[in-house]
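Chemist: Structure: data_2.txt, compact mmCIF, C-alpha atoms and all ligand atoms.
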# COMPACT_ATOMS: atom_id res chain seq x y z
CA MET A 1 12.68 10.59 6.31
CA GLY A 2 10.72 12.94 4.02
CA ILE A 3 7.05 12.07 3.73
CA ARG A 4 4.91 13.36 0.88
CA ALA A 5 1.11 13.36 0.60
CA GLY A 6 -0.70 14.19 -2.65
CA ILE A 7 -4.10 15.86 -2.99
CA VAL A 8 -6.06 14.04 -5.68
CA GLY A 9 -9.67 14.21 -6.93
CA ILE A 10 -12.16 15.31 -9.56
CA THR A 11 -11.56 18.78 -10.99
CA ASN A 12 -13.04 21.92 -9.39
CA ILE A 13 -14.01 20.42 -6.04
CA GLY A 14 -11.76 22.41 -3.67
CA LYS A 15 -8.40 20.66 -3.80
CA THR A 16 -6.36 23.84 -4.16
CA THR A 17 -8.56 25.61 -1.59
CA ILE A 18 -7.67 22.87 0.92
CA PHE A 19 -4.00 22.91 -0.16
CA ASN A 20 -3.77 26.67 0.36
CA ALA A 21 -5.39 26.47 3.79
CA LEU A 22 -3.20 23.53 4.77
CA THR A 23 0.04 25.14 3.70
CA SER A 24 -0.75 28.88 4.01
CA SER A 25 -0.06 29.18 0.28
CA GLU A 26 -1.67 31.28 -2.39
CA ALA A 27 -1.82 28.86 -5.30
CA GLU A 28 -4.46 29.69 -7.90
CA SER A 29 -7.94 28.47 -6.99
CA THR A 30 -10.72 29.35 -9.43
CA ASN A 31 -14.33 28.58 -10.04
CA TYR A 32 -13.59 26.66 -13.22
CA SER A 33 -12.13 23.26 -14.03
CA PHE A 34 -8.42 22.52 -14.49
CA SER A 35 -7.10 25.66 -12.85
CA THR A 36 -4.25 23.55 -11.47
CA ILE A 37 -1.99 22.05 -14.11
CA LYS A 38 1.49 21.89 -12.65
CA PRO A 39 1.45 20.48 -9.11
CA ASN A 40 1.78 22.95 -6.23
CA THR A 41 3.98 21.79 -3.39
CA ALA A 42 4.65 23.03 0.12
CA VAL A 43 6.01 21.70 3.39
CA VAL A 44 3.94 21.88 6.57
CA ASP A 45 4.67 21.33 10.24
CA VAL A 46 3.01 18.31 11.78
CA PRO A 47 1.20 19.76 14.81
CA ASP A 48 2.28 18.00 18.00
CA TYR A 49 1.04 19.10 21.42
CA ARG A 50 3.88 17.14 23.08
CA VAL A 51 6.49 19.37 21.43
CA ASP A 52 4.53 22.43 22.63
CA GLU A 53 4.21 21.12 26.19
CA ILE A 54 7.85 20.12 26.53
CA PHE A 55 8.98 23.43 25.06
CA ALA A 56 6.81 25.29 27.56
CA HIS A 57 8.46 23.49 30.48
CA VAL A 58 12.15 23.00 29.66
CA LYS A 59 14.79 25.62 28.95
CA SER A 60 15.23 25.50 25.20
CA ASN A 61 15.84 27.94 22.35
CA LYS A 62 13.40 26.60 19.79
CA LYS A 63 10.91 23.89 18.93
CA VAL A 64 10.98 21.87 15.74
CA TYR A 65 8.06 19.79 14.51
CA ASN A 66 8.03 16.92 12.06
CA HIS A 67 7.40 17.88 8.47
CA LEU A 68 5.06 16.67 5.78
CA GLU A 69 5.28 17.69 2.13
CA ILE A 70 1.93 18.31 0.47
CA MET A 71 1.45 18.21 -3.28
CA ASP A 72 -1.67 19.63 -4.94
CA ILE A 73 -2.15 17.67 -8.16
CA ALA A 74 -4.19 18.55 -11.27
CA GLY A 75 -7.86 17.55 -11.20
CA LEU A 76 -9.27 14.46 -12.88
CA VAL A 77 -12.32 13.78 -15.00
CA LYS A 78 -13.77 10.51 -16.18
CA GLY A 79 -11.72 9.29 -19.13
CA ALA A 80 -8.52 11.15 -18.11
CA SER A 81 -6.45 8.03 -18.74
CA LYS A 82 -7.80 8.08 -22.32
CA GLY A 83 -6.86 11.74 -22.79
CA GLU A 84 -10.01 13.52 -21.45
CA GLY A 85 -9.50 16.74 -19.51
CA LEU A 86 -5.80 17.23 -19.00
CA GLY A 87 -5.12 13.66 -20.09
CA ASN A 88 -3.09 11.21 -18.11
CA LYS A 89 0.31 12.88 -17.97
CA PHE A 90 -0.30 14.26 -14.51
CA LEU A 91 -1.34 10.82 -13.22
CA SER A 92 2.38 10.14 -13.01
CA ASP A 93 2.63 13.02 -10.50
CA ILE A 94 0.78 10.72 -8.12
CA LYS A 95 3.66 8.24 -8.43
CA LEU A 96 5.73 10.67 -6.35
CA VAL A 97 3.59 10.53 -3.20
CA ASP A 98 3.60 8.22 -0.17
CA ALA A 99 -0.09 8.77 0.60
CA ILE A 100 -3.12 10.00 -1.34
CA LEU A 101 -5.50 12.57 0.12
CA HIS A 102 -8.51 11.91 -2.08
CA VAL A 103 -10.75 15.00 -1.85
CA VAL A 104 -14.45 14.29 -2.46
CA ARG A 105 -16.99 17.07 -2.95
CA CYS A 106 -19.72 16.76 -0.31
CA PHE A 107 -20.95 20.38 -0.39
CA GLU A 108 -23.78 21.86 -2.40
CA ASP A 109 -23.23 25.26 -3.97
CA GLU A 110 -24.94 26.16 -7.20
CA ASN A 111 -22.24 28.75 -7.88
CA VAL A 112 -19.56 26.06 -8.07
CA VAL A 113 -20.16 23.92 -11.13
CA HIS A 114 -19.49 20.19 -10.88
CA VAL A 115 -17.94 18.80 -14.06
CA ASP A 116 -20.53 15.99 -13.99
CA LYS A 117 -23.39 18.38 -13.07
CA THR A 118 -24.54 16.75 -9.80
CA ILE A 119 -23.06 16.08 -6.36
CA ASN A 120 -22.45 12.35 -6.16
CA PRO A 121 -19.49 11.23 -4.00
CA LYS A 122 -19.84 7.55 -4.87
CA ARG A 123 -19.65 8.26 -8.61
CA ASP A 124 -16.72 10.66 -8.14
CA ILE A 125 -14.75 8.14 -6.09
CA GLU A 126 -15.38 5.43 -8.67
CA ASN A 127 -14.31 7.72 -11.50
CA VAL A 128 -11.06 8.70 -9.80
CA GLU A 129 -10.25 5.13 -8.81
CA ALA A 130 -10.99 3.89 -12.34
CA GLU A 131 -8.44 6.34 -13.74
CA LEU A 132 -5.80 5.17 -11.28
CA ILE A 133 -6.56 1.54 -12.16
CA VAL A 134 -6.19 2.20 -15.91
CA LYS A 135 -2.88 3.97 -15.33
CA ASP A 136 -1.63 1.05 -13.20
CA LEU A 137 -2.80 -1.44 -15.77
CA GLU A 138 -0.20 -0.05 -18.20
CA THR A 139 2.49 -0.62 -15.60
CA VAL A 140 1.31 -4.16 -14.85
CA GLU A 141 1.07 -5.04 -18.55
CA ASN A 142 4.62 -3.85 -19.16
CA ARG A 143 5.85 -5.82 -16.21
CA ILE A 144 4.10 -9.00 -17.32
CA GLN A 145 5.65 -8.74 -20.78
CA LYS A 146 9.15 -8.40 -19.36
CA ASN A 147 8.53 -11.08 -16.78
CA GLU A 148 7.25 -13.59 -19.34
CA LYS A 149 10.56 -13.46 -21.18
CA LEU A 150 12.33 -14.33 -17.95
CA VAL A 151 9.83 -17.09 -17.21
CA ARG A 152 10.62 -18.62 -20.57
CA ALA A 153 14.28 -18.54 -19.55
CA ARG A 154 13.18 -20.36 -16.35
CA ASP A 155 14.25 -17.51 -14.08
CA LYS A 156 13.30 -18.59 -10.56
CA PHE A 157 12.27 -15.17 -9.23
CA ALA A 158 10.24 -14.38 -12.34
CA MET A 159 8.40 -17.71 -12.01
CA GLU A 160 7.60 -16.92 -8.39
CA MET A 161 6.21 -13.50 -9.27
CA HIS A 162 4.21 -14.59 -12.31
CA PRO A 163 1.01 -15.83 -10.57
CA LEU A 164 0.77 -12.65 -8.48
CA TYR A 165 1.09 -10.43 -11.56
CA GLU A 166 -1.54 -12.51 -13.34
CA ARG A 167 -3.97 -12.25 -10.41
CA LEU A 168 -3.52 -8.52 -10.35
CA TYR A 169 -3.96 -8.19 -14.09
CA ALA A 170 -7.13 -10.32 -14.15
CA LYS A 171 -8.90 -8.01 -11.66
CA MET A 172 -7.58 -4.71 -12.95
CA SER A 173 -8.43 -5.43 -16.56
CA GLU A 174 -12.05 -5.74 -15.33
CA LEU A 175 -11.53 -2.26 -13.81
CA GLU A 176 -11.74 -3.74 -10.34
CA HIS A 177 -9.62 -2.17 -7.63
CA PRO A 178 -6.77 -4.44 -6.42
CA ARG A 179 -8.06 -4.10 -2.87
CA VAL A 180 -10.68 -6.78 -3.74
CA LEU A 181 -7.75 -9.23 -3.87
CA ASN A 182 -7.09 -8.70 -0.15
CA LEU A 183 -3.34 -8.77 -0.79
CA THR A 184 -1.24 -9.78 2.19
CA ASP A 185 1.49 -7.46 3.48
CA GLN A 186 4.02 -9.83 1.97
CA GLU A 187 2.36 -9.66 -1.47
CA LYS A 188 2.21 -5.86 -1.28
CA GLU A 189 5.91 -5.88 -0.48
CA MET A 190 6.55 -8.09 -3.53
CA LEU A 191 4.74 -5.52 -5.70
CA ARG A 192 6.33 -2.47 -4.11
CA ASP A 193 8.92 -1.79 -6.82
CA MET A 194 6.14 -1.13 -9.36
CA ASN A 195 4.99 1.83 -7.27
CA LEU A 196 1.33 1.28 -8.19
CA LEU A 197 -1.03 4.20 -7.58
CA THR A 198 -3.82 1.91 -6.43
CA LEU A 199 -1.69 0.37 -3.67
CA LYS A 200 -0.90 3.70 -2.02
CA PRO A 201 -2.60 4.42 1.29
CA VAL A 202 -5.65 6.68 0.90
CA ILE A 203 -7.52 9.13 3.10
CA PHE A 204 -10.86 10.29 1.73
CA VAL A 205 -11.21 13.98 2.54
CA CYS A 206 -14.89 14.96 2.50
CA ASN A 207 -15.07 18.63 1.52
CA ILE A 208 -18.25 19.41 3.49
CA SER A 209 -20.53 22.45 3.64
CA GLU A 210 -20.43 25.05 6.40
CA ASP A 211 -23.87 23.84 7.54
CA GLU A 212 -22.63 20.30 8.00
CA LEU A 213 -19.66 21.55 9.98
CA MET A 214 -21.95 23.66 12.21
CA GLU A 215 -24.48 20.89 12.77
CA GLY A 216 -21.80 18.28 13.44
CA LYS A 217 -24.00 15.62 11.81
CA ASP A 218 -22.98 13.61 8.75
CA SER A 219 -24.83 14.51 5.53
CA PRO A 220 -25.99 11.73 3.18
CA TYR A 221 -23.00 12.67 0.96
CA THR A 222 -20.52 12.15 3.77
CA LYS A 223 -22.24 8.90 4.70
CA ASP A 224 -21.74 7.74 1.11
CA VAL A 225 -18.01 8.37 1.42
CA MET A 226 -17.89 6.47 4.71
CA GLU A 227 -19.75 3.61 3.08
CA ALA A 228 -17.24 3.58 0.18
CA ALA A 229 -14.36 3.57 2.66
CA LYS A 230 -15.77 0.71 4.74
CA ASN A 231 -13.58 -2.41 4.76
CA THR A 232 -10.99 -0.78 2.49
CA GLY A 233 -8.45 0.29 5.09
CA CYS A 234 -8.82 3.88 3.83
CA GLY A 235 -9.23 6.71 6.33
CA VAL A 236 -11.99 9.36 6.23
CA VAL A 237 -11.63 12.97 7.40
CA LYS A 238 -14.22 15.76 7.13
CA ILE A 239 -13.07 19.26 6.24
CA CYS A 240 -14.86 22.40 5.12
CA GLY A 241 -12.46 23.94 2.60
CA LYS A 242 -14.17 27.31 2.78
CA VAL A 243 -13.95 27.53 6.58
CA GLU A 244 -10.39 26.19 6.70
CA ALA A 245 -9.39 28.84 4.17
CA GLU A 246 -10.81 31.54 6.49
CA LEU A 247 -9.24 29.93 9.56
CA SER A 248 -5.79 29.86 8.02
CA LEU A 249 -5.79 33.66 7.78
CA LEU A 250 -6.41 34.21 11.52
CA SER A 251 -4.03 34.78 14.41
CA PRO A 252 -3.77 31.93 16.99
CA GLU A 253 -6.12 33.81 19.39
CA GLU A 254 -8.72 34.49 16.71
CA LYS A 255 -8.41 30.89 15.56
CA ALA A 256 -9.19 29.57 19.06
CA GLU A 257 -12.26 31.80 19.26
CA PHE A 258 -13.44 30.74 15.78
CA LEU A 259 -13.04 27.04 16.61
CA LYS A 260 -15.02 27.50 19.81
CA ASP A 261 -17.88 29.02 17.81
CA TYR A 262 -17.96 25.88 15.69
CA GLY A 263 -17.62 23.61 18.76
CA LEU A 264 -14.33 22.21 17.43
CA GLU A 265 -11.16 21.37 19.32
CA HIS A 266 -8.68 21.41 16.42
CA PRO A 267 -8.80 22.71 12.86
CA GLY A 268 -9.84 19.94 10.45
CA LEU A 269 -6.47 20.27 8.78
CA ASP A 270 -4.59 19.28 11.95
CA VAL A 271 -6.76 16.18 12.11
CA LEU A 272 -5.97 15.42 8.46
CA ILE A 273 -2.22 15.69 9.00
CA ARG A 274 -2.34 13.45 12.05
CA GLU A 275 -4.52 10.90 10.20
CA THR A 276 -1.96 10.83 7.38
CA TYR A 277 0.71 9.99 9.93
CA ASN A 278 -1.36 7.18 11.41
CA LEU A 279 -2.25 5.78 8.03
CA LEU A 280 1.39 5.60 7.03
CA GLY A 281 2.25 3.78 10.26
CA LEU A 282 4.45 6.65 11.38
CA GLY A 283 5.24 7.57 14.93
CA THR A 284 7.23 10.27 16.67
CA TYR A 285 9.94 10.31 19.28
CA LEU A 286 11.17 13.44 20.94
CA THR A 287 14.49 14.93 21.97
CA GLU A 288 14.89 17.92 24.27
CA GLY A 289 17.82 20.09 25.19
CA GLU A 290 18.96 23.65 25.37
CA ILE A 291 19.33 23.96 21.61
CA GLU A 292 15.91 22.63 20.67
CA VAL A 293 12.90 20.47 21.44
CA LYS A 294 12.40 18.31 18.39
CA ALA A 295 10.06 15.67 16.99
CA TRP A 296 11.54 12.88 14.84
CA ASN A 297 9.75 10.53 12.47
CA ILE A 298 9.86 6.80 13.04
CA LYS A 299 8.19 3.90 11.31
CA GLN A 300 6.36 1.63 13.73
CA GLY A 301 8.67 -1.19 14.83
CA MET A 302 11.95 0.74 14.50
CA THR A 303 14.70 -0.24 16.94
CA ALA A 304 16.58 2.31 19.05
CA PRO A 305 19.68 2.32 16.75
CA GLN A 306 17.45 2.76 13.67
CA ALA A 307 15.67 5.65 15.39
CA ALA A 308 19.05 7.22 16.20
CA GLY A 309 19.88 6.83 12.49
CA VAL A 310 16.99 9.16 11.66
CA ILE A 311 18.97 11.99 13.29
CA HIS A 312 22.19 11.06 11.50
CA THR A 313 23.10 7.87 9.63
CA ASP A 314 26.35 7.61 11.60
CA PHE A 315 24.41 7.43 14.86
CA GLU A 316 22.97 4.04 13.99
CA LYS A 317 26.45 2.48 13.87
CA LYS A 318 27.77 4.35 16.89
CA PHE A 319 24.72 3.62 19.05
CA ILE A 320 25.44 2.31 22.55
CA LYS A 321 22.37 2.96 24.70
CA ALA A 322 19.21 5.06 24.75
CA GLU A 323 17.94 6.74 27.87
CA VAL A 324 14.17 6.63 27.44
CA ILE A 325 11.30 8.26 29.31
CA SER A 326 7.74 7.81 28.07
CA TYR A 327 5.96 11.11 27.40
CA LYS A 328 3.41 10.29 30.11
CA ASP A 329 6.14 9.70 32.71
CA PHE A 330 7.94 12.85 31.56
CA VAL A 331 4.77 14.88 32.25
CA GLU A 332 4.35 13.22 35.65
CA CYS A 333 7.97 14.04 36.50
CA ASN A 334 7.34 17.69 35.70
CA PHE A 335 9.38 17.51 32.44
CA ASP A 336 12.53 17.01 34.53
CA ARG A 337 14.96 14.25 33.52
CA ASN A 338 16.60 14.22 36.98
CA ILE A 339 13.29 13.65 38.75
CA ALA A 340 12.52 10.88 36.23
CA LYS A 341 15.86 9.26 37.05
CA GLN A 342 15.23 9.46 40.79
CA LYS A 343 11.82 7.88 40.34
CA GLY A 344 13.23 5.12 38.15
CA LYS A 345 11.24 6.31 35.13
CA ALA A 346 14.28 6.87 32.91
CA ARG A 347 15.06 3.46 31.38
CA LEU A 348 18.40 2.56 29.84
CA GLU A 349 17.54 0.62 26.67
CA GLY A 350 19.80 -1.36 24.34
CA LYS A 351 19.96 -2.25 20.65
CA GLU A 352 16.86 -4.43 20.62
CA TYR A 353 14.50 -1.82 22.08
CA ILE A 354 11.54 -0.93 19.85
CA VAL A 355 11.00 2.82 20.09
CA GLN A 356 7.45 3.82 21.07
CA ASP A 357 5.45 6.82 19.91
CA GLY A 358 6.07 9.67 22.35
CA ASP A 359 9.34 8.35 23.83
CA VAL A 360 11.57 11.17 25.03
CA ILE A 361 15.11 10.01 24.29
CA ILE A 362 18.76 10.82 24.86
CA PHE A 363 21.10 8.60 22.85
CA ARG A 364 24.54 7.57 24.00
CA PHE A 365 27.11 6.96 21.30
CA GLY A 366 30.57 5.41 21.02
CA LYS A 367 33.34 6.59 18.76
N1 LIG E 1 -19.12 26.49 -1.12
C1 LIG E 1 -17.89 26.01 -1.10
N2 LIG E 1 -17.07 26.27 -2.14
C2 LIG E 1 -15.83 25.75 -2.12
C3 LIG E 1 -15.34 24.98 -1.03
N3 LIG E 1 -14.07 24.60 -1.30
C4 LIG E 1 -13.78 25.14 -2.52
N4 LIG E 1 -14.84 25.85 -3.01
C5 LIG E 1 -14.91 26.57 -4.30
O1 LIG E 1 -14.79 25.64 -5.35
C6 LIG E 1 -14.12 26.23 -6.48
C7 LIG E 1 -12.99 25.33 -6.93
O2 LIG E 1 -11.98 25.31 -5.93
P1 LIG E 1 -10.47 24.87 -6.22
O3 LIG E 1 -9.83 24.77 -4.89
O4 LIG E 1 -9.82 25.73 -7.26
O5 LIG E 1 -10.72 23.42 -6.84
P2 LIG E 1 -9.68 22.36 -7.43
O6 LIG E 1 -10.23 21.03 -7.06
O7 LIG E 1 -8.30 22.68 -7.03
O8 LIG E 1 -9.88 22.60 -9.00
P3 LIG E 1 -8.90 22.26 -10.26
O9 LIG E 1 -7.49 22.51 -9.85
O10 LIG E 1 -9.37 23.24 -11.28
O11 LIG E 1 -9.17 20.85 -10.62
C8 LIG E 1 -13.66 27.60 -6.02
O12 LIG E 1 -14.58 28.56 -6.51
C9 LIG E 1 -13.73 27.52 -4.50
O13 LIG E 1 -13.98 28.78 -3.90
C10 LIG E 1 -16.23 24.75 0.08
O14 LIG E 1 -15.90 24.10 1.07
N5 LIG E 1 -17.50 25.28 -0.02
MG MG E 2 -6.65 23.15 -8.16
Output the file's structure in the form of structure tokens.
Modeler:
Amino acid sequence: MGIRAGIVGITNIGKTTIFNALTSSEAESTNYSFSTIKPNTAVVDVPDYRVDEIFAHVKSNKKVYNHLEIMDIAGLVKGASKGEGLGNKFLSDIKLVDAILHVVRCFEDENVVHVDKTINPKRDIENVEAELIVKDLETVENRIQKNEKLVRARDKFAMEMHPLYERLYAKMSELEHPRVLNLTDQEKEMLRDMNLLTLKPVIFVCNISEDELMEGKDSPYTKDVMEAAKNTGCGVVKICGKVEAELSLLSPEEKAEFLKDYGLEHPGLDVLIRETYNLLGLGTYLTEGEIEVKAWNIKQGMTAPQAAGVIHTDFEKKFIKAEVISYKDFVECNFDRNIAKQKGKARLEGKEYIVQDGDVIIFRFGK
């Protein structure tokens, strides 16, 4: 289950700086607009302390984390959908992602020019969202045209979909974001095949100043982002691109020391990756053995056979039982499956079991 997150935002605000820090890459970051044209991509480990802890306690050759693919996409300016800046071609790059990391400039630095002259997160967010809406509007218009033909032919499905498309069109043609429609999960599902940019889950990533990071207090800029995110279902994470870039060059020991100086527990980037997971409704189950300790992706609500299918599609069909220990119980049993069994903490679960985040599992299969 490959998951991809895309870094999106106004041009020259630190997207590539954050991408490089996040993925230990060296993609070109410059102090002028539109330095990124073709998207940069890289795959990162999803940090998971449970994998580290289990690996430290059981006899195993290696540890394997979950993965997340990150895509650094060209910067936007107001009017991109009408051909300003790099135009709208790259907007289709955003079609490829499961989640949007919308970077918003919240730092002041007179040496880094803002394409609209001033620092104004609310304006920047509105400008980016407007471009996504205009791009989606094309998709919705095309769909309505095709659908209307089917409606005229009294196609039942097309008639069912028509009012939803019309509602969407009415708002978006006023440049209003579809979130004002408060679409139900079912309606979002009905619209899924259009792959609309504006319906993708979003995390606003405030690129904050070093001072704000040191002080640990939200600046008025960051507060503006939080205000914009209120009641939208979007996440907010604060990161200082400059500091993260420095951090990514350090050894683990130096990193720990550096974080302590800033009074931080984890690098901002770890927090961002975890937030992305939460936003996408993803969880993790774990397997452990001599070969490896490994984290596996699950969608919330997956049954035990479906979770087994993440390892190998065949395993879903051949599933018989899952021997499950919660991570908490596994810790309390000293990471020892036999102790867990003796204490009755290793449960034998069947096909209906809904796998929980942190379950440590051994699957049993038939032929
Ligand atoms: N002061 C400060 N400067 C930053 C920070 N993050 C990035 N910059 C600077 O901002 C400039 C632009 O950074 P990039 O990462 O290239 O920006 P981008 O958003 O990828 O830009 P485009 O790809 O051109 O749209 C560079 O000069 C960075 O050094 C930060 O947290 N603080
Ligand atoms: Mg860039």
Chemist: Can you pull out the residues contacting Tyr221 in chain A? Cut-off 9 Å, using only C-alpha atoms, and skip same-chain residues under 4 positions away; I want them as a PyMOL selection string.
Modeler: chain A and resi 105-107+119-122+206+208+225-226
Chemist: Could you check the closest approach to ligand MG 2 (chain E) for each of A:Asp45, A:Glu323, A:Asp72, A:Asp270 and tell me which residue wins, using only C-alpha atoms and all ligand atoms?
Modeler: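 Once distances to ligand MG 2 (chain E) are computed over only C-alpha atoms and all ligand atoms, the minimum belongs to A:Asp72.
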Chemist: Write as a list in words the residues around ligand MG 2 (chain E), taking 7 Å as the cut-off and counting all atoms listed in the file.
Modeler: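 If we count all atoms listed in the file, the neighbours of ligand MG 2 (chain E) turn out to be Asn12, Gly14, Lys15, Thr16, Glu28, Ser29, Phe34, Ser35, Thr36, Asp72, Ala74 and Gly75 of chain A.
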Chemist: Using all atoms listed in the file, which protein or nucleic acid residues come within 7 Å of range 274-282 of chain A? Drop anything in the same chain fewer than 5 positions from it, and give the result as a list in words.
Modeler: Pro201, Asn297, Ile298, Lys299 and Gln300 of chain A
Chemist: Can you pull out the residues contacting His312 in chain A? Cut-off 12 Å, using only C-alpha atoms, and skip same-chain residues under 5 positions away; I want them as a PyMOL selection string.
Modeler: chain A and resi 1+296+305-307+317-319+363+365
Chemist: Using only C-alpha atoms, please write the residues we just selected to a file, as a short mmCIF file (atom, residue, chain, number, x, y, z; two decimals), in the coordinates of the input.
Modeler:
data_model
loop_
_atom_site.label_atom_id
_atom_site.label_comp_id
_atom_site.auth_asym_id
_atom_site.auth_seq_id
_atom_site.Cartn_x
_atom_site.Cartn_y
_atom_site.Cartn_z
CA MET A 1 12.68 10.59 6.31
CA TRP A 296 11.54 12.88 14.84
CA PRO A 305 19.68 2.32 16.75
CA GLN A 306 17.45 2.76 13.67
CA ALA A 307 15.67 5.65 15.39
CA LYS A 317 26.45 2.48 13.87
CA LYS A 318 27.77 4.35 16.89
CA PHE A 319 24.72 3.62 19.05
CA PHE A 363 21.10 8.60 22.85
CA PHE A 365 27.11 6.96 21.30
#
